[in-house]
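Undergrad: To start, I am sharing the structure in question, which I have written as structure tokens.
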Amino acid sequence: MIESQDYVLISALQHYAFCPRQCALIHIEQVWEENLYTLRGQRVHEKVNVPEHELIQGIRVERAMPLWSHKLGLTGIADVVEFLANDTPYPVEYKAGSKKAREADDIQLCAQALCLEEMLDRPVSRGAIFHYASRRRREVVFDEAVRSRVLETIDDLRGLLAQTTLPPPVTDNRCRNCSLVEACMPHTLNDFHKIVRRNNPFTVLNSFE
Ligand code: SF4
């Protein structure tokens, strides 16, 4: 039995899978900054952040549906869950960007599927990422590989939330569009580490804080 204070947010899994340092800044340090990309994301989610349901061509569509898994200690909200003809749930996660594969998005969507399986006691084998910029869906199959990645990410996220130090910056293409780049200072920290190592190669730095 997982204690209620140990439940983790499904959205935090996405943040962790994208960049552990970003996840720690948001969920431990409570840092949040807006940029063009986060504002676009907010605008897209305005279409699905009010709980409501409707019938579209015989398919029941639930928006802003609360999710949980007592087995995994997860909680969150699905942008959209469609109930197909045989009442099989099909989660759809809205993303502001164009159509491209992202493991972090797949982990978030599969975590939603695991919640739906537990809540509704029926298998959920696939769902989709809806890329608002291209207005196209990318279907995700919830195979054993992505299910295992969700479980690993939950464990890793719990480990991160129990820590008091920030993970090191990834300092790669992910930083280019990250709204937290000023709070994170990935390049400054990397330069600092290089200087410290150059001056004293035996120095061990445990934290990038
Ligand atoms: S700037 Fe880079 S390292 Fe820092 S939080 Fe964003 S993605 Fe992660």
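For the structure tokens, the naming scheme is as follows: chains receive sequential letters (A, B, ...) according to their order of presentation, residues are indexed from 1 within each chain, and ligands are indexed from 1 in presentation order.
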Check every protein, DNA and RNA residue against ligand 1, keep those with an atom at most 12 Å away (counting only C-alpha atoms and all ligand atoms), and present them as a compact mmCIF listing (two decimals) with N, CA and C atoms, in the first residue's frame.

TA:
# COMPACT_ATOMS: atom_id res chain seq x y z
N HIS A 15 8.18 15.01 -17.15
CA HIS A 15 9.29 15.93 -16.90
C HIS A 15 10.58 15.15 -16.62
N TYR A 16 10.47 14.09 -15.79
CA TYR A 16 11.67 13.32 -15.44
C TYR A 16 12.27 12.66 -16.68
N ALA A 17 11.40 12.05 -17.50
CA ALA A 17 11.91 11.34 -18.68
C ALA A 17 12.53 12.32 -19.67
N PHE A 18 12.03 13.56 -19.69
CA PHE A 18 12.61 14.56 -20.59
C PHE A 18 13.96 15.04 -20.05
N CYS A 19 13.99 15.41 -18.77
CA CYS A 19 15.24 15.89 -18.16
C CYS A 19 15.07 15.83 -16.64
N PRO A 20 15.83 14.98 -15.94
CA PRO A 20 15.68 14.87 -14.48
C PRO A 20 15.88 16.20 -13.75
N ARG A 21 16.80 17.03 -14.28
CA ARG A 21 17.03 18.32 -13.62
C ARG A 21 15.79 19.22 -13.77
N GLN A 22 15.18 19.22 -14.95
CA GLN A 22 13.96 20.01 -15.13
C GLN A 22 12.88 19.54 -14.14
N CYS A 23 12.78 18.23 -13.99
CA CYS A 23 11.78 17.67 -13.07
C CYS A 23 12.05 18.14 -11.63
N ALA A 24 13.34 18.09 -11.23
CA ALA A 24 13.67 18.52 -9.86
C ALA A 24 13.42 20.01 -9.67
N LEU A 25 13.75 20.82 -10.67
CA LEU A 25 13.49 22.26 -10.54
C LEU A 25 12.00 22.53 -10.35
N ILE A 26 11.16 21.83 -11.12
CA ILE A 26 9.71 22.08 -11.04
C ILE A 26 9.12 21.49 -9.76
N HIS A 27 9.45 20.23 -9.47
CA HIS A 27 8.70 19.51 -8.43
C HIS A 27 9.37 19.55 -7.06
N GLU A 29 12.09 22.27 -6.35
CA GLU A 29 12.41 23.69 -6.12
C GLU A 29 11.23 24.60 -6.41
N VAL A 31 10.20 25.77 -9.18
CA VAL A 31 10.56 26.81 -10.17
C VAL A 31 9.67 26.62 -11.39
N TRP A 32 9.12 27.71 -11.88
CA TRP A 32 8.36 27.65 -13.14
C TRP A 32 8.55 28.95 -13.88
N GLU A 33 8.94 28.87 -15.13
CA GLU A 33 9.09 30.05 -15.98
C GLU A 33 8.33 29.80 -17.27
N ASN A 35 7.80 30.45 -21.33
CA ASN A 35 8.40 30.90 -22.58
C ASN A 35 7.38 30.64 -23.69
N LEU A 166 20.23 18.70 -6.79
CA LEU A 166 19.70 18.68 -8.16
C LEU A 166 20.57 17.79 -9.04
N PRO A 167 19.95 17.04 -9.94
CA PRO A 167 20.76 16.27 -10.90
C PRO A 167 21.52 17.23 -11.82
N PRO A 168 22.58 16.74 -12.48
CA PRO A 168 23.33 17.61 -13.39
C PRO A 168 22.51 17.98 -14.62
N PRO A 169 22.85 19.11 -15.25
CA PRO A 169 22.14 19.48 -16.48
C PRO A 169 22.48 18.53 -17.62
N VAL A 170 21.53 18.37 -18.55
CA VAL A 170 21.81 17.50 -19.70
C VAL A 170 22.65 18.24 -20.74
N THR A 171 22.49 19.55 -20.81
CA THR A 171 23.30 20.41 -21.71
C THR A 171 23.36 19.86 -23.14
N ASP A 172 22.19 19.71 -23.71
CA ASP A 172 22.14 19.28 -25.12
C ASP A 172 20.97 20.00 -25.79
N ASN A 173 20.48 19.47 -26.89
CA ASN A 173 19.42 20.15 -27.64
C ASN A 173 18.16 20.41 -26.83
N ARG A 174 17.96 19.60 -25.78
CA ARG A 174 16.76 19.79 -24.96
C ARG A 174 16.74 21.17 -24.30
N CYS A 175 17.92 21.72 -24.05
CA CYS A 175 17.99 23.00 -23.33
C CYS A 175 17.54 24.17 -24.20
N ARG A 176 17.59 23.97 -25.51
CA ARG A 176 17.35 25.09 -26.42
C ARG A 176 15.96 25.70 -26.22
N ASN A 177 14.96 24.87 -26.04
CA ASN A 177 13.59 25.38 -25.90
C ASN A 177 13.07 25.29 -24.47
N CYS A 178 13.96 24.98 -23.52
CA CYS A 178 13.50 24.77 -22.14
C CYS A 178 13.26 26.12 -21.47
N SER A 179 12.09 26.28 -20.86
CA SER A 179 11.75 27.56 -20.23
C SER A 179 12.56 27.79 -18.95
N LEU A 180 13.21 26.75 -18.43
CA LEU A 180 13.94 26.88 -17.17
C LEU A 180 15.43 27.15 -17.37
N VAL A 181 15.82 27.47 -18.60
CA VAL A 181 17.25 27.56 -18.88
C VAL A 181 17.93 28.63 -18.02
N GLU A 182 17.23 29.70 -17.68
CA GLU A 182 17.88 30.74 -16.87
C GLU A 182 18.06 30.29 -15.43
N ALA A 183 17.08 29.59 -14.91
CA ALA A 183 17.20 29.09 -13.53
C ALA A 183 18.21 27.95 -13.47
N CYS A 184 18.29 27.18 -14.53
CA CYS A 184 19.14 25.98 -14.57
C CYS A 184 20.61 26.31 -14.83
N MET A 185 20.86 27.25 -15.71
CA MET A 185 22.21 27.66 -16.11
C MET A 185 23.07 26.47 -16.56
N PRO A 186 22.62 25.67 -17.49
CA PRO A 186 23.37 24.44 -17.85
C PRO A 186 24.77 24.73 -18.38
N HIS A 187 24.91 25.75 -19.22
CA HIS A 187 26.22 25.99 -19.82
C HIS A 187 27.18 26.60 -18.81
N THR A 188 26.67 27.50 -17.96
CA THR A 188 27.52 28.09 -16.93
C THR A 188 28.06 27.02 -16.00
N LEU A 189 27.20 26.08 -15.61
CA LEU A 189 27.63 25.03 -14.69
C LEU A 189 28.64 24.10 -15.35
N ASN A 190 28.43 23.81 -16.61
CA ASN A 190 29.40 22.96 -17.31
C ASN A 190 30.75 23.64 -17.40
N PHE A 208 25.55 19.60 -8.94
CA PHE A 208 25.71 20.74 -9.85
C PHE A 208 24.97 21.95 -9.30
N GLU A 209 24.51 21.87 -8.07
CA GLU A 209 23.71 22.98 -7.54
C GLU A 209 24.51 24.26 -7.50

Undergrad: List every residue of chain A that DSSP, applied to the backbone of this structure, places in alpha helix (DSSP H), and write the result as a short mmCIF file (atom, residue, chain, number, x, y, z; two decimals) with N, CA and C atoms, in the first residue's frame.

TA:
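Okay, selection.cif is ready:
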data_model
loop_
_atom_site.label_atom_id
_atom_site.label_comp_id
_atom_site.auth_asym_id
_atom_site.auth_seq_id
_atom_site.Cartn_x
_atom_site.Cartn_y
_atom_site.Cartn_z
N ILE A 10 1.55 12.11 -12.79
CA ILE A 10 1.88 11.55 -14.12
C ILE A 10 2.69 12.57 -14.92
N SER A 11 2.35 13.86 -14.79
CA SER A 11 3.09 14.88 -15.54
C SER A 11 4.55 14.94 -15.10
N ALA A 12 4.82 14.61 -13.82
CA ALA A 12 6.21 14.61 -13.33
C ALA A 12 7.01 13.50 -14.01
N LEU A 13 6.34 12.39 -14.37
CA LEU A 13 7.04 11.32 -15.10
C LEU A 13 7.53 11.86 -16.44
N GLN A 14 6.68 12.65 -17.09
CA GLN A 14 7.06 13.22 -18.38
C GLN A 14 8.25 14.17 -18.20
N HIS A 15 8.18 15.01 -17.15
CA HIS A 15 9.29 15.93 -16.90
C HIS A 15 10.58 15.15 -16.62
N TYR A 16 10.47 14.09 -15.79
CA TYR A 16 11.67 13.32 -15.44
C TYR A 16 12.27 12.66 -16.68
N ALA A 17 11.40 12.05 -17.50
CA ALA A 17 11.91 11.34 -18.68
C ALA A 17 12.53 12.32 -19.67
N PHE A 18 12.03 13.56 -19.69
CA PHE A 18 12.61 14.56 -20.59
C PHE A 18 13.96 15.04 -20.05
N PRO A 20 15.83 14.98 -15.94
CA PRO A 20 15.68 14.87 -14.48
C PRO A 20 15.88 16.20 -13.75
N ARG A 21 16.80 17.03 -14.28
CA ARG A 21 17.03 18.32 -13.62
C ARG A 21 15.79 19.22 -13.77
N GLN A 22 15.18 19.22 -14.95
CA GLN A 22 13.96 20.01 -15.13
C GLN A 22 12.88 19.54 -14.14
N CYS A 23 12.78 18.23 -13.99
CA CYS A 23 11.78 17.67 -13.07
C CYS A 23 12.05 18.14 -11.63
N ALA A 24 13.34 18.09 -11.23
CA ALA A 24 13.67 18.52 -9.86
C ALA A 24 13.42 20.01 -9.67
N LEU A 25 13.75 20.82 -10.67
CA LEU A 25 13.49 22.26 -10.54
C LEU A 25 12.00 22.53 -10.35
N ILE A 26 11.16 21.83 -11.12
CA ILE A 26 9.71 22.08 -11.04
C ILE A 26 9.12 21.49 -9.76
N HIS A 27 9.45 20.23 -9.47
CA HIS A 27 8.70 19.51 -8.43
C HIS A 27 9.37 19.55 -7.06
N LEU A 36 7.79 30.89 -24.91
CA LEU A 36 6.86 30.74 -26.03
C LEU A 36 6.24 29.34 -26.05
N TYR A 37 7.06 28.33 -25.74
CA TYR A 37 6.61 26.95 -25.86
C TYR A 37 5.63 26.58 -24.74
N THR A 38 5.89 27.07 -23.51
CA THR A 38 4.94 26.76 -22.44
C THR A 38 3.62 27.50 -22.66
N LEU A 39 3.72 28.74 -23.20
CA LEU A 39 2.48 29.50 -23.47
C LEU A 39 1.66 28.82 -24.56
N ARG A 40 2.35 28.30 -25.58
CA ARG A 40 1.65 27.56 -26.62
C ARG A 40 0.97 26.32 -26.02
N GLY A 41 1.69 25.65 -25.15
CA GLY A 41 1.13 24.45 -24.50
C GLY A 41 -0.12 24.79 -23.71
N GLN A 42 -0.04 25.92 -22.98
CA GLN A 42 -1.23 26.33 -22.20
C GLN A 42 -2.41 26.60 -23.10
N ARG A 43 -2.14 27.27 -24.22
CA ARG A 43 -3.25 27.61 -25.14
C ARG A 43 -3.89 26.34 -25.70
N VAL A 44 -3.07 25.37 -26.04
CA VAL A 44 -3.60 24.10 -26.56
C VAL A 44 -4.43 23.40 -25.49
N HIS A 45 -3.93 23.42 -24.25
CA HIS A 45 -4.64 22.70 -23.19
C HIS A 45 -5.92 23.39 -22.75
N GLU A 103 10.12 9.90 -26.34
CA GLU A 103 9.92 8.85 -25.35
C GLU A 103 9.19 9.38 -24.12
N ALA A 104 9.50 10.62 -23.72
CA ALA A 104 8.88 11.17 -22.52
C ALA A 104 7.36 11.25 -22.68
N ASP A 105 6.89 11.63 -23.87
CA ASP A 105 5.45 11.69 -24.11
C ASP A 105 4.82 10.30 -24.04
N ASP A 106 5.54 9.32 -24.61
CA ASP A 106 5.02 7.95 -24.61
C ASP A 106 4.89 7.42 -23.18
N ILE A 107 5.88 7.74 -22.34
CA ILE A 107 5.84 7.31 -20.94
C ILE A 107 4.64 7.94 -20.23
N GLN A 108 4.42 9.23 -20.47
CA GLN A 108 3.27 9.91 -19.85
C GLN A 108 1.96 9.26 -20.29
N LEU A 109 1.84 9.00 -21.59
CA LEU A 109 0.59 8.43 -22.12
C LEU A 109 0.38 7.01 -21.60
N CYS A 110 1.46 6.22 -21.55
CA CYS A 110 1.33 4.84 -21.08
C CYS A 110 0.98 4.82 -19.59
N ALA A 111 1.50 5.77 -18.82
CA ALA A 111 1.13 5.85 -17.40
C ALA A 111 -0.37 6.12 -17.27
N GLN A 112 -0.91 6.94 -18.15
CA GLN A 112 -2.36 7.18 -18.15
C GLN A 112 -3.10 5.86 -18.44
N ALA A 113 -2.57 5.09 -19.39
CA ALA A 113 -3.21 3.82 -19.74
C ALA A 113 -3.20 2.86 -18.56
N LEU A 114 -2.07 2.82 -17.82
CA LEU A 114 -2.00 1.91 -16.67
C LEU A 114 -3.03 2.31 -15.61
N CYS A 115 -3.23 3.61 -15.44
CA CYS A 115 -4.27 4.08 -14.51
C CYS A 115 -5.65 3.63 -14.99
N LEU A 116 -5.92 3.84 -16.27
CA LEU A 116 -7.24 3.47 -16.81
C LEU A 116 -7.48 1.97 -16.67
N GLU A 117 -6.45 1.16 -16.88
CA GLU A 117 -6.61 -0.29 -16.74
C GLU A 117 -7.02 -0.65 -15.32
N GLU A 118 -6.38 0.00 -14.36
CA GLU A 118 -6.72 -0.30 -12.96
C GLU A 118 -8.10 0.26 -12.59
N MET A 119 -8.40 1.48 -13.02
CA MET A 119 -9.67 2.12 -12.66
C MET A 119 -10.87 1.40 -13.28
N LEU A 120 -10.71 0.96 -14.54
CA LEU A 120 -11.86 0.45 -15.29
C LEU A 120 -11.79 -1.07 -15.48
N GLU A 144 5.35 -4.14 -23.92
CA GLU A 144 6.06 -4.41 -22.66
C GLU A 144 7.19 -3.42 -22.44
N ALA A 145 7.85 -2.99 -23.53
CA ALA A 145 9.00 -2.09 -23.40
C ALA A 145 8.57 -0.75 -22.78
N VAL A 146 7.49 -0.15 -23.28
CA VAL A 146 7.09 1.16 -22.75
C VAL A 146 6.48 1.00 -21.35
N ARG A 147 5.80 -0.12 -21.11
CA ARG A 147 5.27 -0.35 -19.76
C ARG A 147 6.41 -0.46 -18.74
N SER A 148 7.49 -1.16 -19.13
CA SER A 148 8.65 -1.27 -18.22
C SER A 148 9.29 0.09 -17.99
N ARG A 149 9.36 0.92 -19.04
CA ARG A 149 9.95 2.24 -18.90
C ARG A 149 9.14 3.10 -17.91
N VAL A 150 7.80 2.92 -17.93
CA VAL A 150 6.98 3.66 -16.97
C VAL A 150 7.34 3.25 -15.54
N LEU A 151 7.45 1.94 -15.31
CA LEU A 151 7.74 1.47 -13.95
C LEU A 151 9.12 1.94 -13.50
N GLU A 152 10.10 1.88 -14.40
CA GLU A 152 11.46 2.37 -14.07
C GLU A 152 11.42 3.86 -13.74
N THR A 153 10.67 4.60 -14.55
CA THR A 153 10.63 6.06 -14.36
C THR A 153 9.95 6.41 -13.04
N ILE A 154 8.92 5.66 -12.66
CA ILE A 154 8.27 5.91 -11.36
C ILE A 154 9.30 5.72 -10.23
N ASP A 155 10.07 4.63 -10.29
CA ASP A 155 11.09 4.37 -9.25
C ASP A 155 12.15 5.47 -9.24
N ASP A 156 12.62 5.83 -10.44
CA ASP A 156 13.65 6.87 -10.53
C ASP A 156 13.13 8.22 -10.02
N LEU A 157 11.88 8.51 -10.34
CA LEU A 157 11.28 9.78 -9.90
C LEU A 157 11.16 9.81 -8.37
N ARG A 158 10.73 8.68 -7.78
CA ARG A 158 10.64 8.65 -6.31
C ARG A 158 12.02 8.86 -5.69
N GLY A 159 13.04 8.26 -6.30
CA GLY A 159 14.41 8.46 -5.81
C GLY A 159 14.81 9.91 -5.89
N LEU A 160 14.47 10.56 -6.99
CA LEU A 160 14.80 11.98 -7.17
C LEU A 160 14.10 12.83 -6.12
N LEU A 161 12.82 12.56 -5.88
CA LEU A 161 12.04 13.39 -4.95
C LEU A 161 12.53 13.22 -3.51
N VAL A 181 15.82 27.47 -18.60
CA VAL A 181 17.25 27.56 -18.88
C VAL A 181 17.93 28.63 -18.02
N GLU A 182 17.23 29.70 -17.68
CA GLU A 182 17.88 30.74 -16.87
C GLU A 182 18.06 30.29 -15.43
N ALA A 183 17.08 29.59 -14.91
CA ALA A 183 17.20 29.09 -13.53
C ALA A 183 18.21 27.95 -13.47
N CYS A 184 18.29 27.18 -14.53
CA CYS A 184 19.14 25.98 -14.57
C CYS A 184 20.61 26.31 -14.83
N PRO A 186 22.62 25.67 -17.49
CA PRO A 186 23.37 24.44 -17.85
C PRO A 186 24.77 24.73 -18.38
N HIS A 187 24.91 25.75 -19.22
CA HIS A 187 26.22 25.99 -19.82
C HIS A 187 27.18 26.60 -18.81
N THR A 188 26.67 27.50 -17.96
CA THR A 188 27.52 28.09 -16.93
C THR A 188 28.06 27.02 -16.00
N LEU A 189 27.20 26.08 -15.61
CA LEU A 189 27.63 25.03 -14.69
C LEU A 189 28.64 24.10 -15.35
N ASN A 190 28.43 23.81 -16.61
CA ASN A 190 29.40 22.96 -17.31
C ASN A 190 30.75 23.64 -17.40
N ASP A 191 30.73 24.97 -17.73
CA ASP A 191 31.99 25.70 -17.80
C ASP A 191 32.69 25.70 -16.44
N PHE A 192 31.90 25.90 -15.39
CA PHE A 192 32.44 25.92 -14.02
C PHE A 192 33.12 24.58 -13.70
N HIS A 193 32.47 23.50 -14.06
CA HIS A 193 33.05 22.18 -13.79
C HIS A 193 34.34 21.97 -14.55
N LYS A 194 34.35 22.44 -15.80
CA LYS A 194 35.57 22.27 -16.60
C LYS A 194 36.73 23.01 -15.94
N ILE A 195 36.45 24.25 -15.47
CA ILE A 195 37.51 25.05 -14.84
C ILE A 195 38.00 24.36 -13.57
N VAL A 196 37.04 23.87 -12.76
CA VAL A 196 37.43 23.21 -11.50
C VAL A 196 38.29 21.99 -11.79
N ARG A 197 37.88 21.20 -12.79
CA ARG A 197 38.63 19.97 -13.11
C ARG A 197 40.02 20.30 -13.68
N ARG A 198 40.07 21.39 -14.48
CA ARG A 198 41.36 21.77 -15.07
C ARG A 198 42.33 22.16 -13.96
N ASN A 199 41.81 22.89 -12.94
CA ASN A 199 42.69 23.36 -11.88
C ASN A 199 43.00 22.28 -10.86
#

Undergrad: How far is it from CA of Thr164 (chain A) to CA of Leu72 (chain A), in Å with one decimal?

TA: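 So the answer is 23.3 Å.
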
Undergrad: Restricting the calculation to only C-alpha atoms: of A:Val124, A:Ala96, A:Ala85, A:Val141, which residue gets closest to Glu46 (chain A)?

TA: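 Closest residue, counting only C-alpha atoms: A:Ala96.
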
Undergrad: As a PyMOL selection string, which residues of region 41-168 of chain A does DSSP assign to strand (DSSP E or B)?

TA: chain A and resi 52-56+59-69+74-83+89-95+126-131+136-141

Undergrad: With only C-alpha atoms as the counted atoms, please give the residues lying no more than 12 Å from Asp87 (chain A), apart from itself and same-chain residues fewer than 4 positions off, as a PyMOL selection string.

TA: chain A and resi 58-61+81-83+116+120-124

Undergrad: Any idea what the distance is between CA of Ala162 (chain A) and CA of Ile77 (chain A)?

TA: 23.7 Å

Undergrad: Name all residues at most 12 Å from Ser4 (chain A) (count only C-alpha atoms; drop same-chain ones fewer than 2 positions away) and give them as an mmCIF file with N, CA and C atoms, in the first residue's frame.

TA:
data_model
loop_
_atom_site.group_PDB
_atom_site.id
_atom_site.type_symbol
_atom_site.label_atom_id
_atom_site.label_comp_id
_atom_site.auth_asym_id
_atom_site.auth_seq_id
_atom_site.Cartn_x
_atom_site.Cartn_y
_atom_site.Cartn_z
ATOM 1 N N MET A 1 0.857 -1.205 0.000
ATOM 2 C CA MET A 1 0.000 0.000 0.000
ATOM 3 C C MET A 1 0.889 1.250 0.000
ATOM 4 N N ILE A 2 0.653 2.118 -0.970
ATOM 5 C CA ILE A 2 1.456 3.333 -1.077
ATOM 6 C C ILE A 2 0.740 4.457 -0.326
ATOM 7 N N ASP A 6 3.017 9.749 -0.946
ATOM 8 C CA ASP A 6 4.034 9.212 -1.866
ATOM 9 C C ASP A 6 3.513 9.056 -3.293
ATOM 10 N N TYR A 7 2.253 9.459 -3.533
ATOM 11 C CA TYR A 7 1.751 9.421 -4.911
ATOM 12 C C TYR A 7 2.529 10.443 -5.739
ATOM 13 N N VAL A 8 2.812 10.073 -6.985
ATOM 14 C CA VAL A 8 3.519 11.018 -7.870
ATOM 15 C C VAL A 8 2.620 11.405 -9.032
ATOM 16 N N LEU A 9 2.872 12.593 -9.551
ATOM 17 C CA LEU A 9 2.076 13.105 -10.667
ATOM 18 C C LEU A 9 2.517 12.463 -11.984
ATOM 19 N N TRP A 68 -6.008 7.796 -11.584
ATOM 20 C CA TRP A 68 -5.181 7.371 -10.446
ATOM 21 C C TRP A 68 -4.854 5.895 -10.568
ATOM 22 N N SER A 69 -3.786 5.512 -9.920
ATOM 23 C CA SER A 69 -3.457 4.098 -9.750
ATOM 24 C C SER A 69 -3.002 3.920 -8.314
ATOM 25 N N HIS A 70 -3.788 3.146 -7.548
ATOM 26 C CA HIS A 70 -3.393 2.878 -6.159
ATOM 27 C C HIS A 70 -2.221 1.891 -6.121
ATOM 28 N N LYS A 71 -2.140 1.012 -7.138
ATOM 29 C CA LYS A 71 -1.038 0.035 -7.159
ATOM 30 C C LYS A 71 0.301 0.731 -7.388
ATOM 31 N N LEU A 72 0.310 1.703 -8.297
ATOM 32 C CA LEU A 72 1.563 2.363 -8.677
ATOM 33 C C LEU A 72 1.790 3.668 -7.935
ATOM 34 N N GLY A 73 0.760 4.168 -7.239
ATOM 35 C CA GLY A 73 0.902 5.456 -6.556
ATOM 36 C C GLY A 73 0.993 6.601 -7.534
ATOM 37 N N LEU A 74 0.083 6.612 -8.482
ATOM 38 C CA LEU A 74 0.078 7.654 -9.522
ATOM 39 C C LEU A 74 -1.215 8.447 -9.460
ATOM 40 N N THR A 75 -1.138 9.707 -9.848
ATOM 41 C CA THR A 75 -2.350 10.512 -9.973
ATOM 42 C C THR A 75 -2.121 11.545 -11.081
#

Undergrad: Give me the residues within 12 Å of Arg138 (chain A) as a PyMOL selection string, counting only C-alpha atoms and dropping any in the same chain fewer than 3 places off.

TA: chain A and resi 91-95+98-102+105-106+109+126-132+134-135+141
